Amino acid sequence: MRVPPTAGIVVCSLLAVAAGAALTGCAPAAVPSDHGARIAVVASTSVYGDIARAIGGGAITVTSLITDAAQDPHSFEASAQDQLAVAKADVVIENGGGYDDFMTSLRSGSGGHPEVVNAVEVSAHGHGGDAFNEHVWYDFTAMGVVAEKLADVFSALDPAHRQDFTAGEVAFAAGLAGLQHDAAAVKQDHAGAGVAITEPVPLYLLEACGLENKTPAAFSRAIEEGSGVAPALMHATLQLFVDERVQLLVYNAQTSGPETEQLRAAAKTSDIPTLAVTETLPQGATYLSWMGENVTKIRSALSHG
């Protein structure tokens, strides 16, 4: 789901912060770990905030701007407090690919010069046109590359904790390997099974599990953009459930509308299981535990009946 750029925030008190940051030069100075300072990290969502915390541990502080799993990112509006956090950040983590363009607005208005880790760019995901799926945090390989980049960036800022950052990245990579193993097991048992989606949010994960998205691209694109669904397109999508061409419906729990509810009702009528996914971490979850639960639920749903 694309998040529109946030309008610039003008706060007088931040001008002094911006001016002070500008005097430090074009690159952040190394953090003097021997003085007890910690690397200040600002992430666009709790997903990237948690990954950063897994790598950085106690040597960093993390501020995530979107944290509520019930929040529709479309409605996010940055505050003066968010602007201030970005102004003070040593590292900023954003998804990129048009998903969280509000981060660009915040950075340009902050006057600071943080190290920027853009997940789409770092993971070399090509993007452009309607076919690009910007929800790259559902791609385990991509998140492994992001974790490696964070370990490098943190180590450059705080060399004294390099071993800790490396150990954090290694542990996170091991967790990702476990997720990839579990997804491969689903693929072995259910390769080619048809699924329907409301939005492209979980597609990378579904593909890793060997599942085939049967949803008309125009339908999921219309839902994501909130542009409305033509009656003929709605009929064609609903027919997937009537004809039982799909074994699972995966829907975005953070957005809802008449079309989404129609799909859920059709799935229920045809006794086809449904799975809710979110764009941010559920309360109390980590990235690894969250994705592990998603894979487990996919396996369970496909074993339905």
# chains A, B, ... in the order shown; residues from 1 in each chain; ligands from 1
$ closest_atom_pairs --of "stretch 112-213 of chain A" --to "stretch 80-90 of chain A" --cutoff "9 Å" --atoms "only C-alpha atoms" --output "tab-separated table"
residue	atom	partner	partner_atom	distance
A:Gly112	CA	A:Ala87	CA	5.0
A:His113	CA	A:Asp90	CA	7.6
A:Pro114	CA	A:Asp90	CA	4.7
A:Glu115	CA	A:Asp90	CA	6.2
A:Val116	CA	A:Asp90	CA	8.8
A:Leu157	CA	A:Asp90	CA	8.4
$ write_last_selection --atoms "C-alpha atoms" --output "JSON list (two decimals), in the first residue's frame"
[["chain", "number", "residue", "atom", "x", "y", "z"],
["A", 112, "GLY", "CA", 20.29, 16.67, 9.51],
["A", 113, "HIS", "CA", 22.55, 14.33, 7.56],
["A", 114, "PRO", "CA", 21.79, 10.80, 8.79],
["A", 115, "GLU", "CA", 22.96, 7.63, 7.15],
["A", 116, "VAL", "CA", 19.94, 6.44, 5.12],
["A", 157, "LEU", "CA", 29.43, 4.74, 13.50]]
$ select_by_dssp --residues "stretch 107-168 of chain A" --states "strand (DSSP E)" --output "list in words"
Glu115, Val116, Val117 and Asn118 of chain A
$ write_last_selection --atoms "all heavy atoms" --output "compact mmCIF listing (two decimals), in the first residue's frame"
# COMPACT_ATOMS: atom_id res chain seq x y z
N GLU A 115 22.76 8.72 8.10
CA GLU A 115 22.96 7.63 7.15
C GLU A 115 21.57 7.08 6.82
O GLU A 115 20.76 6.83 7.72
CB GLU A 115 23.81 6.52 7.78
CG GLU A 115 25.26 6.90 7.98
CD GLU A 115 26.02 6.96 6.66
OE1 GLU A 115 25.62 6.27 5.70
OE2 GLU A 115 27.01 7.71 6.60
N VAL A 116 21.26 6.90 5.54
CA VAL A 116 19.94 6.44 5.12
C VAL A 116 20.04 5.02 4.57
O VAL A 116 20.83 4.76 3.65
CB VAL A 116 19.32 7.37 4.05
CG1 VAL A 116 17.96 6.84 3.61
CG2 VAL A 116 19.21 8.79 4.59
N VAL A 117 19.26 4.12 5.14
CA VAL A 117 19.18 2.75 4.65
C VAL A 117 17.80 2.58 4.02
O VAL A 117 16.78 2.58 4.72
CB VAL A 117 19.39 1.73 5.77
CG1 VAL A 117 19.23 0.30 5.23
CG2 VAL A 117 20.77 1.91 6.40
N ASN A 118 17.76 2.49 2.70
CA ASN A 118 16.53 2.34 1.94
C ASN A 118 16.41 0.87 1.54
O ASN A 118 17.22 0.37 0.77
CB ASN A 118 16.58 3.25 0.72
CG ASN A 118 15.32 3.21 -0.13
OD1 ASN A 118 14.95 2.16 -0.64
ND2 ASN A 118 14.68 4.36 -0.28
$ closest_atom_pairs --of "stretch 153-222 of chain A" --to "stretch 35-48 of chain A" --cutoff "12 Å" --atoms "only C-alpha atoms" --output "tab-separated table"
residue	atom	partner	partner_atom	distance
A:Val153	CA	A:Ile39	CA	10.2
A:Phe154	CA	A:Ile39	CA	7.5
A:Ser155	CA	A:Ile39	CA	10.2
A:Ala156	CA	A:Ile39	CA	10.8
A:Leu157	CA	A:Ile39	CA	7.5
A:Asp158	CA	A:Ile39	CA	7.7
A:Pro159	CA	A:Ile39	CA	11.5
A:Ala160	CA	A:Gly36	CA	11.3
A:His161	CA	A:Arg38	CA	10.4
A:Phe165	CA	A:Ile39	CA	11.9
$ write_last_selection --atoms "C-alpha atoms" --output "compact mmCIF listing (two decimals), in the first residue's frame"
# COMPACT_ATOMS: atom_id res chain seq x y z
CA VAL A 153 26.44 1.18 9.07
CA PHE A 154 26.32 0.68 12.83
CA SER A 155 29.90 -0.62 12.85
CA ALA A 156 31.12 2.45 10.98
CA LEU A 157 29.43 4.74 13.50
CA ASP A 158 30.46 2.77 16.58
CA PRO A 159 33.51 0.57 15.83
CA ALA A 160 33.82 -0.45 19.48
CA HIS A 161 30.62 -2.51 19.14
CA PHE A 165 26.60 -5.82 15.58
$ closest_residue --among "A:Ala78, A:Lys149, A:Leu233, A:His181" --to "A:Gly109" --atoms "only C-alpha atoms"
A:Ala78
$ residues_around --residues "stretch 199-207 of chain A" --least-positions-apart "5" --cutoff "6 Å" --atoms "only C-alpha atoms" --output "MDAnalysis selection string"
chainID A and resid 135 138:139 220 224
$ write_last_selection --atoms "N, CA, C and O atoms" --output "JSON list (two decimals), in the first residue's frame"
[["chain", "number", "residue", "atom", "x", "y", "z"],
["A", 135, "HIS", "N", 6.25, -3.94, -1.00],
["A", 135, "HIS", "CA", 6.19, -4.50, 0.35],
["A", 135, "HIS", "C", 7.31, -5.51, 0.57],
["A", 135, "HIS", "O", 7.10, -6.70, 0.86],
["A", 138, "TYR", "N", 8.26, -8.49, 3.31],
["A", 138, "TYR", "CA", 7.77, -9.86, 3.25],
["A", 138, "TYR", "C", 8.70, -10.76, 2.44],
["A", 138, "TYR", "O", 8.41, -11.93, 2.24],
["A", 139, "ASP", "N", 9.82, -10.23, 2.00],
["A", 139, "ASP", "CA", 10.85, -10.97, 1.27],
["A", 139, "ASP", "C", 12.01, -11.24, 2.22],
["A", 139, "ASP", "O", 12.75, -10.33, 2.59],
["A", 220, "SER", "N", -6.50, -6.20, -7.30],
["A", 220, "SER", "CA", -5.67, -5.88, -6.14],
["A", 220, "SER", "C", -5.08, -4.47, -6.27],
["A", 220, "SER", "O", -4.91, -3.78, -5.27],
["A", 224, "GLU", "N", -5.68, -1.48, -3.53],
["A", 224, "GLU", "CA", -4.54, -0.81, -2.94],
["A", 224, "GLU", "C", -4.61, 0.70, -3.13],
["A", 224, "GLU", "O", -4.29, 1.48, -2.23]]
$ atom_distance --atom1 "atom CA of A:Thr237" --atom2 "atom CA of A:His190"
21.9 Å
$ atom_distance --atom1 "atom CA of A:Leu275" --atom2 "atom CA of A:Gly96"
26.1 Å
$ residues_around --residues "stretch 261-273 of chain A" --least-positions-apart "6" --cutoff "7 Å" --atoms "only C-alpha atoms" --output "list in words"
Leu238, Phe241, Val242, Gln247, Leu248, Leu249 and Ala301 of chain A
$ select_by_dssp --residues "stretch 120-291 of chain A" --states "alpha helix (DSSP H)" --output "VMD selection string"
chain A and resid 120 to 122 140 to 157 162 to 190 203 to 208 217 to 225 231 to 242 258 to 269 287 to 291
$ closest_residue --among "A:Thr104, A:Gln71, A:Gln254, A:Gln188" --to "A:Ala276" --atoms "only C-alpha atoms"
A:Gln254
$ atom_distance --atom1 "atom CA of A:Thr255" --atom2 "atom CA of A:Leu106"
24.7 Å
$ closest_residue --among "A:Pro216, A:Gly228, A:Gly168, A:Gly210" --to "A:Lys187" --atoms "only C-alpha atoms"
A:Gly210
$ closest_residue --among "A:Thr63, A:Asn133, A:Ile55, A:His235" --to "A:Val146" --atoms "only C-alpha atoms"
A:Ile55
$ decode --residues "stretch 83-131 of chain A" --atoms "N, CA and C atoms" --output "CSV table (one decimal), in the first residue's frame"
chain,number,residue,atom,x,y,z
A,83,GLN,N,9.5,14.9,13.2
A,83,GLN,CA,10.5,15.7,12.6
A,83,GLN,C,11.7,15.9,13.4
A,84,LEU,N,11.5,16.2,14.7
A,84,LEU,CA,12.6,16.3,15.6
A,84,LEU,C,13.4,15.1,15.8
A,85,ALA,N,12.7,13.9,15.8
A,85,ALA,CA,13.5,12.6,15.9
A,85,ALA,C,14.4,12.4,14.7
A,86,VAL,N,13.8,12.8,13.5
A,86,VAL,CA,14.6,12.6,12.3
A,86,VAL,C,15.8,13.6,12.3
A,87,ALA,N,15.6,14.8,12.8
A,87,ALA,CA,16.6,15.8,12.9
A,87,ALA,C,17.8,15.3,13.8
A,88,LYS,N,17.5,14.5,14.8
A,88,LYS,CA,18.5,14.1,15.7
A,88,LYS,C,19.1,12.7,15.4
A,89,ALA,N,18.6,12.1,14.3
A,89,ALA,CA,18.9,10.7,14.0
A,89,ALA,C,20.3,10.6,13.4
A,90,ASP,N,21.0,9.5,13.8
A,90,ASP,CA,22.3,9.1,13.1
A,90,ASP,C,22.0,8.2,11.9
A,91,VAL,N,20.9,7.4,12.0
A,91,VAL,CA,20.5,6.5,11.0
A,91,VAL,C,19.0,6.6,10.8
A,92,VAL,N,18.6,6.6,9.5
A,92,VAL,CA,17.2,6.6,9.1
A,92,VAL,C,17.0,5.4,8.3
A,93,ILE,N,16.0,4.6,8.6
A,93,ILE,CA,15.6,3.4,7.8
A,93,ILE,C,14.2,3.6,7.2
A,94,GLU,N,14.2,3.4,5.9
A,94,GLU,CA,12.9,3.6,5.2
A,94,GLU,C,12.7,2.4,4.2
A,95,ASN,N,11.5,2.2,3.9
A,95,ASN,CA,11.2,1.1,2.9
A,95,ASN,C,11.6,1.5,1.5
A,96,GLY,N,11.2,2.7,1.1
A,96,GLY,CA,11.4,3.2,-0.2
A,96,GLY,C,10.4,2.6,-1.2
A,97,GLY,N,10.7,2.8,-2.5
A,97,GLY,CA,9.8,2.3,-3.6
A,97,GLY,C,8.5,2.9,-3.6
A,98,GLY,N,8.3,4.1,-3.0
A,98,GLY,CA,7.1,4.8,-3.0
A,98,GLY,C,6.2,4.5,-1.8
A,99,TYR,N,6.6,3.6,-0.9
A,99,TYR,CA,5.8,3.2,0.2
A,99,TYR,C,5.7,4.3,1.3
A,100,ASP,N,6.9,4.8,1.7
A,100,ASP,CA,6.9,5.7,2.8
A,100,ASP,C,7.6,7.0,2.4
A,101,ASP,N,7.1,7.7,1.4
A,101,ASP,CA,7.7,8.9,0.9
A,101,ASP,C,7.7,10.0,1.9
A,102,PHE,N,6.9,9.9,2.9
A,102,PHE,CA,6.9,10.9,4.0
A,102,PHE,C,8.2,11.0,4.7
A,103,MET,N,9.0,9.9,4.6
A,103,MET,CA,10.4,10.0,5.2
A,103,MET,C,11.3,11.0,4.4
A,104,THR,N,11.1,11.1,3.1
A,104,THR,CA,11.8,12.0,2.3
A,104,THR,C,11.5,13.4,2.7
A,105,SER,N,10.2,13.7,2.9
A,105,SER,CA,9.8,15.0,3.4
A,105,SER,C,10.4,15.4,4.8
A,106,LEU,N,10.4,14.4,5.7
A,106,LEU,CA,10.9,14.6,7.0
A,106,LEU,C,12.4,14.8,7.0
A,107,ARG,N,13.1,14.1,6.2
A,107,ARG,CA,14.6,14.2,6.1
A,107,ARG,C,15.0,15.6,5.5
A,108,SER,N,14.3,16.0,4.4
A,108,SER,CA,14.6,17.2,3.7
A,108,SER,C,14.3,18.4,4.6
A,109,GLY,N,13.3,18.3,5.5
A,109,GLY,CA,13.0,19.4,6.4
A,109,GLY,C,13.7,19.4,7.7
A,110,SER,N,14.5,18.4,8.0
A,110,SER,CA,15.2,18.3,9.3
A,110,SER,C,16.5,19.0,9.4
A,111,GLY,N,17.2,19.2,8.3
A,111,GLY,CA,18.5,19.8,8.3
A,111,GLY,C,19.6,18.9,8.8
A,112,GLY,N,19.3,17.6,9.1
A,112,GLY,CA,20.3,16.7,9.5
A,112,GLY,C,20.9,15.9,8.3
A,113,HIS,N,21.9,15.1,8.6
A,113,HIS,CA,22.5,14.3,7.6
A,113,HIS,C,22.7,12.9,8.0
A,114,PRO,N,21.6,12.2,8.3
A,114,PRO,CA,21.8,10.8,8.8
A,114,PRO,C,22.2,9.9,7.7
A,115,GLU,N,22.8,8.7,8.1
A,115,GLU,CA,23.0,7.6,7.2
A,115,GLU,C,21.6,7.1,6.8
A,116,VAL,N,21.3,6.9,5.5
A,116,VAL,CA,19.9,6.4,5.1
A,116,VAL,C,20.0,5.0,4.6
A,117,VAL,N,19.3,4.1,5.1
A,117,VAL,CA,19.2,2.7,4.6
A,117,VAL,C,17.8,2.6,4.0
A,118,ASN,N,17.8,2.5,2.7
A,118,ASN,CA,16.5,2.3,1.9
A,118,ASN,C,16.4,0.9,1.5
A,119,ALA,N,15.4,0.2,2.1
A,119,ALA,CA,15.3,-1.3,1.9
A,119,ALA,C,15.2,-1.7,0.4
A,120,VAL,N,14.4,-0.9,-0.3
A,120,VAL,CA,14.2,-1.3,-1.8
A,120,VAL,C,15.5,-1.1,-2.5
A,121,GLU,N,16.2,-0.1,-2.2
A,121,GLU,CA,17.5,0.2,-2.9
A,121,GLU,C,18.6,-0.8,-2.5
A,122,VAL,N,18.7,-1.0,-1.2
A,122,VAL,CA,19.7,-1.9,-0.6
A,122,VAL,C,19.6,-3.3,-1.1
A,123,SER,N,18.3,-3.8,-1.2
A,123,SER,CA,18.0,-5.2,-1.6
A,123,SER,C,18.0,-5.3,-3.1
A,124,ALA,N,18.2,-4.2,-3.8
A,124,ALA,CA,18.3,-4.3,-5.3
A,124,ALA,C,17.0,-4.7,-5.9
A,125,HIS,N,15.9,-4.4,-5.3
A,125,HIS,CA,14.6,-4.7,-5.9
A,125,HIS,C,14.3,-3.7,-7.0
A,126,GLY,N,14.1,-4.1,-8.2
A,126,GLY,CA,13.8,-3.2,-9.3
A,126,GLY,C,12.4,-2.7,-9.0
A,127,HIS,N,12.1,-1.5,-9.4
A,127,HIS,CA,10.7,-1.0,-9.2
A,127,HIS,C,10.4,0.0,-10.3
A,128,GLY,N,9.1,0.1,-10.6
A,128,GLY,CA,8.6,0.9,-11.6
A,128,GLY,C,7.4,0.3,-12.2
A,129,GLY,N,6.4,1.2,-12.5
A,129,GLY,CA,5.2,0.7,-13.1
A,129,GLY,C,4.3,0.0,-12.1
A,130,ASP,N,3.2,-0.5,-12.6
A,130,ASP,CA,2.2,-1.1,-11.8
A,130,ASP,C,2.6,-2.5,-11.2
A,131,ALA,N,3.5,-3.1,-11.9
A,131,ALA,CA,3.9,-4.5,-11.5
A,131,ALA,C,4.7,-4.5,-10.2
